>>> print(open('run.cif').read())   # mmCIF, C-alpha atoms
data_data
loop_
_atom_site.label_atom_id
_atom_site.label_comp_id
_atom_site.auth_asym_id
_atom_site.auth_seq_id
_atom_site.Cartn_x
_atom_site.Cartn_y
_atom_site.Cartn_z
CA MET H 1 -6.45 -29.60 10.92
CA SER H 2 -5.05 -27.25 8.26
CA LYS H 3 -7.10 -26.62 5.13
CA GLY H 4 -3.84 -26.32 3.18
CA SER H 5 -1.10 -23.82 2.36
CA VAL H 6 -1.81 -20.50 0.67
CA LEU H 7 0.98 -18.40 -0.80
CA VAL H 8 0.65 -14.68 0.03
CA ALA H 9 2.95 -12.55 -2.11
CA PRO H 10 2.80 -8.72 -2.01
CA LEU H 11 4.71 -6.42 -4.32
CA ASN H 12 7.63 -4.58 -2.75
CA TRP H 13 6.76 -1.04 -3.88
CA GLY H 14 6.65 0.95 -0.67
CA LEU H 15 5.18 -0.89 2.32
CA GLY H 16 1.49 -0.55 1.45
CA HIS H 17 1.10 -3.81 -0.45
CA ALA H 18 2.66 -5.76 2.42
CA THR H 19 0.73 -4.04 5.21
CA ARG H 20 -2.66 -4.53 3.58
CA CYS H 21 -1.90 -8.24 3.32
CA ILE H 22 -1.61 -8.47 7.11
CA PRO H 23 -5.40 -8.72 7.76
CA ILE H 24 -5.65 -11.31 4.97
CA ILE H 25 -2.86 -13.40 6.50
CA LYS H 26 -4.55 -13.24 9.91
CA ALA H 27 -7.87 -14.23 8.33
CA LEU H 28 -6.23 -17.20 6.59
CA GLN H 29 -4.90 -18.36 9.96
CA LYS H 30 -8.29 -17.86 11.60
CA TYR H 31 -10.04 -19.92 8.91
CA GLY H 32 -7.60 -22.81 9.18
CA TYR H 33 -5.19 -22.18 6.30
CA ASN H 34 -1.41 -22.14 6.50
CA PRO H 35 -0.11 -18.87 4.99
CA ILE H 36 3.27 -18.94 3.28
CA LEU H 37 4.94 -15.56 2.76
CA ALA H 38 6.79 -14.46 -0.36
CA SER H 39 8.13 -11.04 -1.30
CA ASP H 40 11.43 -9.16 -1.32
CA GLY H 41 13.22 -6.27 0.35
CA ALA H 42 11.49 -4.18 2.99
CA ALA H 43 8.07 -5.73 2.29
CA LEU H 44 9.36 -9.22 3.10
CA GLU H 45 11.24 -7.99 6.18
CA LEU H 46 8.10 -6.30 7.50
CA LEU H 47 5.98 -9.46 7.08
CA LYS H 48 8.68 -11.58 8.72
CA LYS H 49 8.65 -9.24 11.71
CA GLU H 50 4.85 -9.44 11.95
CA PHE H 51 4.72 -13.23 11.40
CA PRO H 52 8.07 -14.71 12.50
CA GLU H 53 6.48 -18.16 12.83
CA LEU H 54 5.52 -18.41 9.15
CA GLU H 55 7.58 -19.92 6.35
CA SER H 56 8.83 -17.28 3.91
CA TYR H 57 10.54 -17.05 0.53
CA ALA H 58 12.45 -14.28 -1.25
CA LEU H 59 11.00 -13.35 -4.64
CA PRO H 60 12.89 -11.58 -7.44
CA SER H 61 13.10 -7.86 -6.80
CA LEU H 62 11.57 -5.39 -9.23
CA LYS H 63 13.79 -2.60 -7.84
CA ILE H 64 11.76 0.20 -9.37
CA LYS H 65 13.28 3.62 -8.70
CA TYR H 66 11.47 6.94 -8.91
CA ALA H 67 12.91 9.94 -10.68
CA LYS H 68 14.08 12.86 -8.57
CA LYS H 69 11.78 15.15 -10.52
CA GLY H 70 8.13 14.24 -11.09
CA LEU H 71 8.42 15.45 -14.70
CA TRP H 72 10.62 12.42 -15.46
CA PHE H 73 8.60 9.88 -13.47
CA LYS H 74 6.82 8.30 -16.45
CA PHE H 75 9.97 8.29 -18.60
CA LYS H 76 11.96 6.46 -15.94
CA ILE H 77 9.18 3.91 -15.35
CA VAL H 78 8.93 3.21 -19.10
CA LEU H 79 12.67 2.55 -19.20
CA GLN H 80 12.14 -0.14 -16.56
CA ILE H 81 9.43 -2.05 -18.47
CA PHE H 82 11.99 -4.65 -19.51
CA ARG H 83 12.90 -5.14 -15.86
CA LEU H 84 9.19 -5.66 -15.07
CA TYR H 85 8.88 -8.28 -17.83
CA ARG H 86 12.01 -10.08 -16.59
CA CYS H 87 10.65 -10.02 -13.03
CA ILE H 88 7.36 -11.59 -14.19
CA GLN H 89 9.28 -14.40 -15.90
CA GLN H 90 11.33 -14.98 -12.74
CA GLU H 91 8.12 -15.14 -10.68
CA ARG H 92 6.76 -17.73 -13.10
CA ARG H 93 9.87 -19.89 -12.63
CA PHE H 94 9.74 -19.46 -8.84
CA LEU H 95 6.11 -20.58 -8.69
CA LYS H 96 6.71 -23.57 -10.93
CA LYS H 97 9.54 -24.74 -8.65
CA LEU H 98 7.62 -24.05 -5.42
CA SER H 99 4.48 -25.85 -6.64
CA HIS H 100 6.58 -28.98 -7.14
CA GLU H 101 7.97 -28.73 -3.60
CA ILE H 102 4.81 -27.68 -1.72
CA GLN H 103 1.18 -28.58 -2.35
CA LEU H 104 -0.46 -25.18 -2.54
CA LYS H 105 -4.18 -24.78 -1.90
CA GLY H 106 -4.16 -21.28 -3.31
CA ILE H 107 -2.23 -18.15 -4.26
CA ILE H 108 -2.87 -14.52 -3.29
CA ALA H 109 -0.65 -12.11 -5.23
CA ASP H 110 -0.84 -8.44 -4.31
CA ASN H 111 -0.05 -6.65 -7.58
CA ARG H 112 2.55 -9.28 -8.52
CA LEU H 113 1.78 -10.13 -12.12
CA GLY H 114 3.60 -13.44 -12.57
CA LEU H 115 2.20 -15.65 -9.80
CA TYR H 116 -0.67 -17.34 -11.62
CA HIS H 117 -1.01 -21.09 -12.15
CA ARG H 118 -3.42 -23.18 -14.22
CA ALA H 119 -3.77 -25.92 -11.60
CA ILE H 120 -3.85 -23.77 -8.44
CA PRO H 121 -6.68 -21.34 -7.54
CA CYS H 122 -5.11 -17.89 -7.69
CA ALA H 123 -6.29 -14.39 -6.89
CA ILE H 124 -4.64 -11.07 -7.54
CA LEU H 125 -5.27 -8.37 -4.93
CA SER H 126 -5.42 -4.99 -6.64
CA HIS H 127 -7.35 -1.73 -6.62
CA GLN H 128 -5.79 -0.73 -9.96
CA LEU H 129 -8.21 -1.75 -12.68
CA LYS H 130 -7.42 1.65 -14.13
CA VAL H 131 -3.74 2.58 -14.01
CA TYR H 132 -3.28 6.33 -14.32
CA SER H 133 -0.18 7.36 -16.28
CA GLY H 134 -1.20 10.58 -17.95
CA SER H 135 -1.51 10.37 -21.75
CA THR H 136 -0.72 6.61 -21.65
CA THR H 137 -3.47 5.69 -19.15
CA ALA H 138 -5.39 3.62 -21.70
CA LEU H 139 -2.28 1.56 -22.52
CA THR H 140 -1.15 1.00 -18.93
CA SER H 141 -4.69 0.07 -17.87
CA TRP H 142 -4.98 -2.43 -20.75
CA LEU H 143 -1.61 -4.01 -19.87
CA HIS H 144 -2.50 -4.36 -16.21
CA GLN H 145 -5.90 -5.89 -17.00
CA TYR H 146 -4.19 -8.28 -19.44
CA PHE H 147 -2.26 -9.82 -16.55
CA ILE H 148 -5.21 -9.63 -14.13
CA LYS H 149 -7.19 -11.83 -16.54
CA LYS H 150 -4.63 -14.60 -16.05
CA TYR H 151 -5.81 -14.97 -12.43
CA ASP H 152 -9.03 -16.72 -11.46
CA GLU H 153 -10.26 -13.70 -9.51
CA CYS H 154 -9.30 -10.11 -8.82
CA TRP H 155 -9.92 -9.11 -5.20
CA ILE H 156 -10.53 -5.39 -4.84
CA PRO H 157 -9.94 -3.86 -1.39
CA ASP H 158 -12.88 -1.48 -1.56
CA LYS H 159 -16.67 -1.38 -1.66
CA ALA H 160 -18.57 -2.10 -4.85
CA GLY H 161 -20.90 0.85 -4.28
CA THR H 162 -20.64 4.27 -2.69
CA PRO H 163 -19.10 5.77 -0.69
CA ASN H 164 -15.78 4.25 -1.61
CA LEU H 165 -12.10 5.16 -1.43
CA SER H 166 -10.71 4.24 -4.83
CA GLY H 167 -13.16 5.95 -7.19
CA LYS H 168 -12.44 5.31 -10.89
CA LEU H 169 -9.38 3.20 -10.09
CA SER H 170 -11.53 0.21 -9.06
CA HIS H 171 -14.96 0.94 -10.50
CA LEU H 172 -15.27 0.41 -14.24
CA LYS H 173 -18.48 0.85 -16.21
CA GLN H 174 -17.85 -2.39 -18.12
CA THR H 175 -15.37 -5.22 -17.68
CA SER H 176 -14.97 -8.93 -18.40
CA LEU H 177 -12.77 -9.42 -15.33
CA THR H 178 -13.92 -11.69 -12.49
CA LEU H 179 -14.08 -9.24 -9.58
CA LYS H 180 -14.68 -9.58 -5.85
CA TYR H 181 -15.05 -6.35 -3.87
CA ILE H 182 -13.80 -7.62 -0.52
CA GLY H 183 -14.15 -4.35 1.40
CA VAL H 184 -11.60 -1.84 2.62
CA LEU H 185 -8.62 -3.59 4.26
CA SER H 186 -6.63 -2.38 7.23
CA ARG H 187 -4.35 -4.03 9.77
CA PHE H 188 -5.58 -1.53 12.39
CA GLU H 189 -8.47 -1.38 14.87
CA TRP H 190 -9.86 1.81 16.36
CA THR H 191 -9.61 2.29 20.14
CA LYS H 192 -9.92 5.42 22.22
CA GLN H 193 -6.48 6.89 22.93
CA PRO H 194 -5.40 10.17 24.57
CA LEU H 195 -3.72 12.64 22.21
CA GLN H 196 0.04 12.82 22.72
CA TYR H 197 1.26 14.47 19.49
CA ASP H 198 0.10 17.40 17.38
CA ILE H 199 1.45 16.04 14.10
CA LEU H 200 2.47 12.59 12.92
CA ILE H 201 4.44 12.34 9.68
CA LEU H 202 4.28 8.94 7.98
CA LEU H 203 6.83 8.29 5.25
CA SER H 204 7.24 5.33 2.94
CA GLY H 205 7.69 4.50 -0.72
CA PRO H 206 10.59 4.07 -3.13
CA GLU H 207 13.66 6.24 -3.12
CA PRO H 208 14.74 8.90 -3.78
CA GLN H 209 11.35 10.53 -3.22
CA ARG H 210 10.99 9.20 0.33
CA SER H 211 14.26 10.86 1.37
CA LEU H 212 13.53 14.06 -0.56
CA LEU H 213 10.24 14.55 1.30
CA GLU H 214 11.86 13.69 4.64
CA THR H 215 14.53 16.34 4.10
CA LYS H 216 11.95 18.96 3.12
CA LEU H 217 9.67 18.26 6.11
CA LEU H 218 12.53 18.22 8.63
CA LYS H 219 13.58 21.65 7.39
CA GLU H 220 10.01 22.95 7.44
CA PHE H 221 9.24 21.73 10.97
CA LYS H 222 12.67 22.47 12.48
CA ASN H 223 11.48 25.41 14.55
CA TYR H 224 7.81 24.48 14.78
CA GLU H 225 6.44 24.80 18.31
CA ALA H 226 4.38 21.64 18.50
CA LYS H 227 4.90 17.97 19.29
CA VAL H 228 5.91 16.32 16.02
CA VAL H 229 6.84 12.67 15.47
CA LEU H 230 8.13 11.25 12.18
CA VAL H 231 8.07 7.57 11.23
CA ARG H 232 10.62 7.18 8.43
CA GLY H 233 9.28 3.93 6.94
CA ILE H 234 12.74 2.33 6.85
CA VAL H 235 12.53 -1.30 7.98
CA GLU H 236 15.67 -2.28 9.89
CA LYS H 237 16.63 -5.03 12.33
CA GLU H 238 15.87 -2.93 15.40
CA LYS H 239 13.59 -0.02 16.16
CA VAL H 240 15.60 3.19 16.55
CA VAL H 241 14.33 6.38 18.21
CA TYR H 242 16.22 9.68 18.16
CA TYR H 243 15.57 13.42 17.86
CA ASP H 244 16.25 15.88 15.07
CA HIS H 245 15.85 19.22 16.84
CA ALA H 246 12.42 18.86 18.53
CA ILE H 247 11.15 16.23 16.10
CA LYS H 248 10.97 12.66 17.39
CA MET H 249 12.30 10.28 14.73
CA ILE H 250 11.47 6.55 14.51
CA ASN H 251 12.83 4.35 11.73
CA PHE H 252 9.86 1.96 11.67
CA LEU H 253 7.08 0.52 13.84
CA LYS H 254 5.22 -2.78 13.80
CA ALA H 255 1.45 -2.74 13.41
CA LYS H 256 0.27 -2.38 17.02
CA PRO H 257 2.69 0.39 18.09
CA LEU H 258 2.00 2.28 14.86
CA GLU H 259 -1.75 1.94 15.34
CA LYS H 260 -1.43 3.44 18.83
CA LEU H 261 0.79 6.26 17.58
CA ILE H 262 -1.67 7.24 14.84
CA LEU H 263 -4.55 7.27 17.31
CA GLN H 264 -2.49 9.40 19.70
CA SER H 265 -1.78 12.01 16.99
CA ASP H 266 -4.11 14.88 16.16
CA ILE H 267 -3.35 15.02 12.44
CA VAL H 268 -1.34 12.90 10.02
CA ILE H 269 0.84 14.03 7.12
CA ALA H 270 1.46 11.27 4.58
CA ARG H 271 1.66 10.22 0.96
CA SER H 272 -1.74 9.58 -0.61
CA GLY H 273 -1.03 5.91 -1.24
CA TYR H 274 -4.14 3.74 -1.25
CA THR H 275 -3.15 1.59 1.74
CA THR H 276 -2.48 4.71 3.80
CA LEU H 277 -5.98 5.94 2.92
CA MET H 278 -7.50 2.65 4.07
CA ASP H 279 -5.58 2.69 7.35
CA LEU H 280 -6.46 6.31 8.18
CA ALA H 281 -10.10 5.70 7.27
CA LYS H 282 -10.21 2.75 9.66
CA LEU H 283 -8.83 4.97 12.43
CA ASN H 284 -11.13 7.89 11.53
CA LYS H 285 -8.30 10.42 11.20
CA LYS H 286 -7.83 13.88 9.80
CA ALA H 287 -4.92 14.07 7.39
CA PHE H 288 -2.95 16.19 4.96
CA PHE H 289 -1.58 14.45 1.87
CA ILE H 290 1.52 15.09 -0.21
CA PRO H 291 1.36 12.82 -3.28
CA THR H 292 4.60 11.49 -4.72
CA PRO H 293 5.71 13.76 -7.59
CA GLY H 294 4.75 12.24 -10.92
CA GLN H 295 2.81 9.38 -9.32
CA PHE H 296 -0.49 9.77 -11.16
CA GLU H 297 -2.53 7.45 -8.93
CA GLN H 298 -1.58 9.30 -5.74
CA GLN H 299 -2.32 12.59 -7.47
CA TYR H 300 -5.78 11.33 -8.47
CA LEU H 301 -6.60 10.03 -4.97
CA ALA H 302 -5.44 13.25 -3.29
CA LYS H 303 -7.46 15.43 -5.67
CA ARG H 304 -10.53 13.22 -5.20
CA LEU H 305 -10.34 13.50 -1.39
CA MET H 306 -10.01 17.27 -1.58
CA ALA H 307 -12.90 17.54 -4.06
CA HIS H 308 -15.09 15.64 -1.58
CA HIS H 309 -13.88 17.90 1.28
CA ILE H 310 -12.39 14.89 3.08
CA ALA H 311 -8.71 15.89 3.23
CA PRO H 312 -6.52 18.64 1.72
CA TYR H 313 -3.34 18.12 -0.24
CA CYS H 314 -0.58 20.02 -2.03
CA GLN H 315 2.33 19.24 -4.31
CA GLN H 316 5.58 18.36 -2.57
CA ARG H 317 7.45 21.46 -3.76
CA HIS H 318 4.68 23.75 -2.48
CA PHE H 319 4.30 22.41 1.07
CA LYS H 320 4.42 24.97 3.88
CA ILE H 321 3.19 24.57 7.45
CA GLU H 322 0.47 27.14 6.77
CA GLN H 323 -1.16 24.64 4.37
CA LEU H 324 -2.25 22.56 7.38
CA LYS H 325 -4.94 25.13 8.20
CA LYS H 326 -6.98 23.65 5.33
CA ILE H 327 -7.60 20.56 7.47
CA ASP H 328 -10.11 22.54 9.56
CA PHE H 329 -12.43 22.75 6.53
CA CYS H 330 -12.38 19.01 5.78
CA SER H 331 -14.29 16.15 7.40
CA GLY H 332 -11.43 13.67 7.64
CA LEU H 333 -11.36 10.05 6.55
CA ASN H 334 -14.32 8.13 7.90
CA HIS H 335 -14.49 4.54 9.08
CA LEU H 336 -18.01 4.17 7.63
CA VAL H 337 -16.44 3.11 4.31
CA PHE H 338 -15.69 -0.21 6.00
CA ASP H 339 -19.30 -1.30 5.64
CA GLY H 340 -20.23 -3.42 2.64
CA GLY H 341 -17.35 -5.85 2.13
CA LEU H 342 -17.49 -9.62 1.71
CA CYS H 343 -16.91 -11.95 4.65
CA PHE H 344 -13.74 -13.99 4.36
CA THR H 345 -15.74 -17.21 4.08
CA SER H 346 -16.96 -15.95 0.72
CA VAL H 347 -13.56 -14.53 -0.23
CA PHE H 348 -11.71 -17.79 0.47
CA SER H 349 -14.32 -19.91 -1.32
CA LEU H 350 -11.98 -19.71 -4.32
CA PHE H 351 -9.74 -22.24 -2.60
CA ASP H 352 -12.47 -24.86 -2.16
CA GLY H 353 -11.53 -26.55 -5.37
CA LYS H 354 -10.38 -26.22 -8.93
#
>>> encode(input="run.cif", output="structure tokens")
Amino acid sequence: MSKGSVLVAPLNWGLGHATRCIPIIKALQKYGYNPILASDGAALELLKKEFPELESYALPSLKIKYAKKGLWFKFKIVLQIFRLYRCIQQERRFLKKLSHEIQLKGIIADNRLGLYHRAIPCAILSHQLKVYSGSTTALTSWLHQYFIKKYDECWIPDKAGTPNLSGKLSHLKQTSLTLKYIGVLSRFEWTKQPLQYDILILLSGPEPQRSLLETKLLKEFKNYEAKVVLVRGIVEKEKVVYYDHAIKMINFLKAKPLEKLILQSDIVIARSGYTTLMDLAKLNKKAFFIPTPGQFEQQYLAKRLMAHHIAPYCQQRHFKIEQLKKIDFCSGLNHLVFDGGLCFTSVFSLFDGK
């Protein structure tokens, strides 16, 4: 007998928010809840491919675009604040309509700021208590926490203590927020696999920066004498595999094939997005990170990993193959950070009543 329906709604900003919801959706099913999916764009398509049996809804699209040059990243994001506000209002209207049609037991919104409801237990999943934006960090952090407070709980995908992955992003000295540190989330499980590839390149994130990095890496590795595979992070109807010179190209992979590919690769090159960090930590991988230009959070996470001698990084414009030698002096991401989270019985206790 079902315990009730729970809306799971990740933000469509890259694929990370959607992929880290996968273990939560599976846990909801395991504990007797009926997950209902809601998102837009590639994030929704990915979840529909992973859970074709689940009911799903299209949410209003934020359609945030990154600047071509990191210098203009903040300026372009600020110009889209009105679009963010409009999207929040549209989410509010969507939820009001849905709650009249379906009796919801709970809501889990991954960084979507408008899916809170007075009469329905609601949690926001976010590691961004502090939102880095350069000189405006105090303002952006305050704004984000303003919306987080509208939810009953904020679930943080990290450990409360140390070691942890998110650092200052999720660990404030003082806060009035209702927080649950639910542990590092990943859709993957470690298994022993034989190495098949020297380098795996994982791409994702908003355009045009995804394509700009792809173009740069294809040029850099064009004549590289090693086995290189590149997953483009473009969710399409069918998986497509082809070759660009000696580089194996795949448009996208579902969770299990991607898990196997990562385990079969010696090192991984990727953006330093938080979900990518969680996934690579779960699989105990060595990695090299190239943060998105102008994306302050990715810059912070990459610098933090390098300062702790866990993984090297460089700016996108500076990447050369020779930079990969720095990996030999780093420990790699470690699965030990997965200790110390809450069990899902405790996490889902929010939905026991309101």
>>> closest_residue(input="run.cif", among="H:Met1, H:Ile247, H:Ala42, H:Ala226", to="H:Lys30", atoms="only C-alpha atoms")
H:Met1
>>> closest_residue(input="run.cif", among="H:Lys105, H:Lys150, H:Arg93, H:His100", to="H:Leu7", atoms="all atoms listed in the file")
H:Lys105
>>> resolve_selection(input="run.cif", expression="the PyMOL selection byres ((chain H and resi 239) around 12)", output="list of chain:residue names")
H:Lys49, H:Val231, H:Arg232, H:Gly233, H:Ile234, H:Val235, H:Glu236, H:Lys237, H:Glu238, H:Val240, H:Val241, H:Tyr242, H:Met249, H:Ile250, H:Asn251, H:Phe252, H:Leu253, H:Lys254, H:Pro257, H:Leu258
>>> residues_around(input="run.cif", residues="H:Phe348", least_positions_apart="2", cutoff="10 Å", atoms="all atoms listed in the file", output="ChimeraX atom specification")
/H:24,27-28,31,33,106,123,343-346,350-352
>>> closest_residue(input="run.cif", among="H:Asn284, H:Thr175, H:Ser166, H:Asn223", to="H:Gln298", atoms="all atoms listed in the file")
H:Ser166
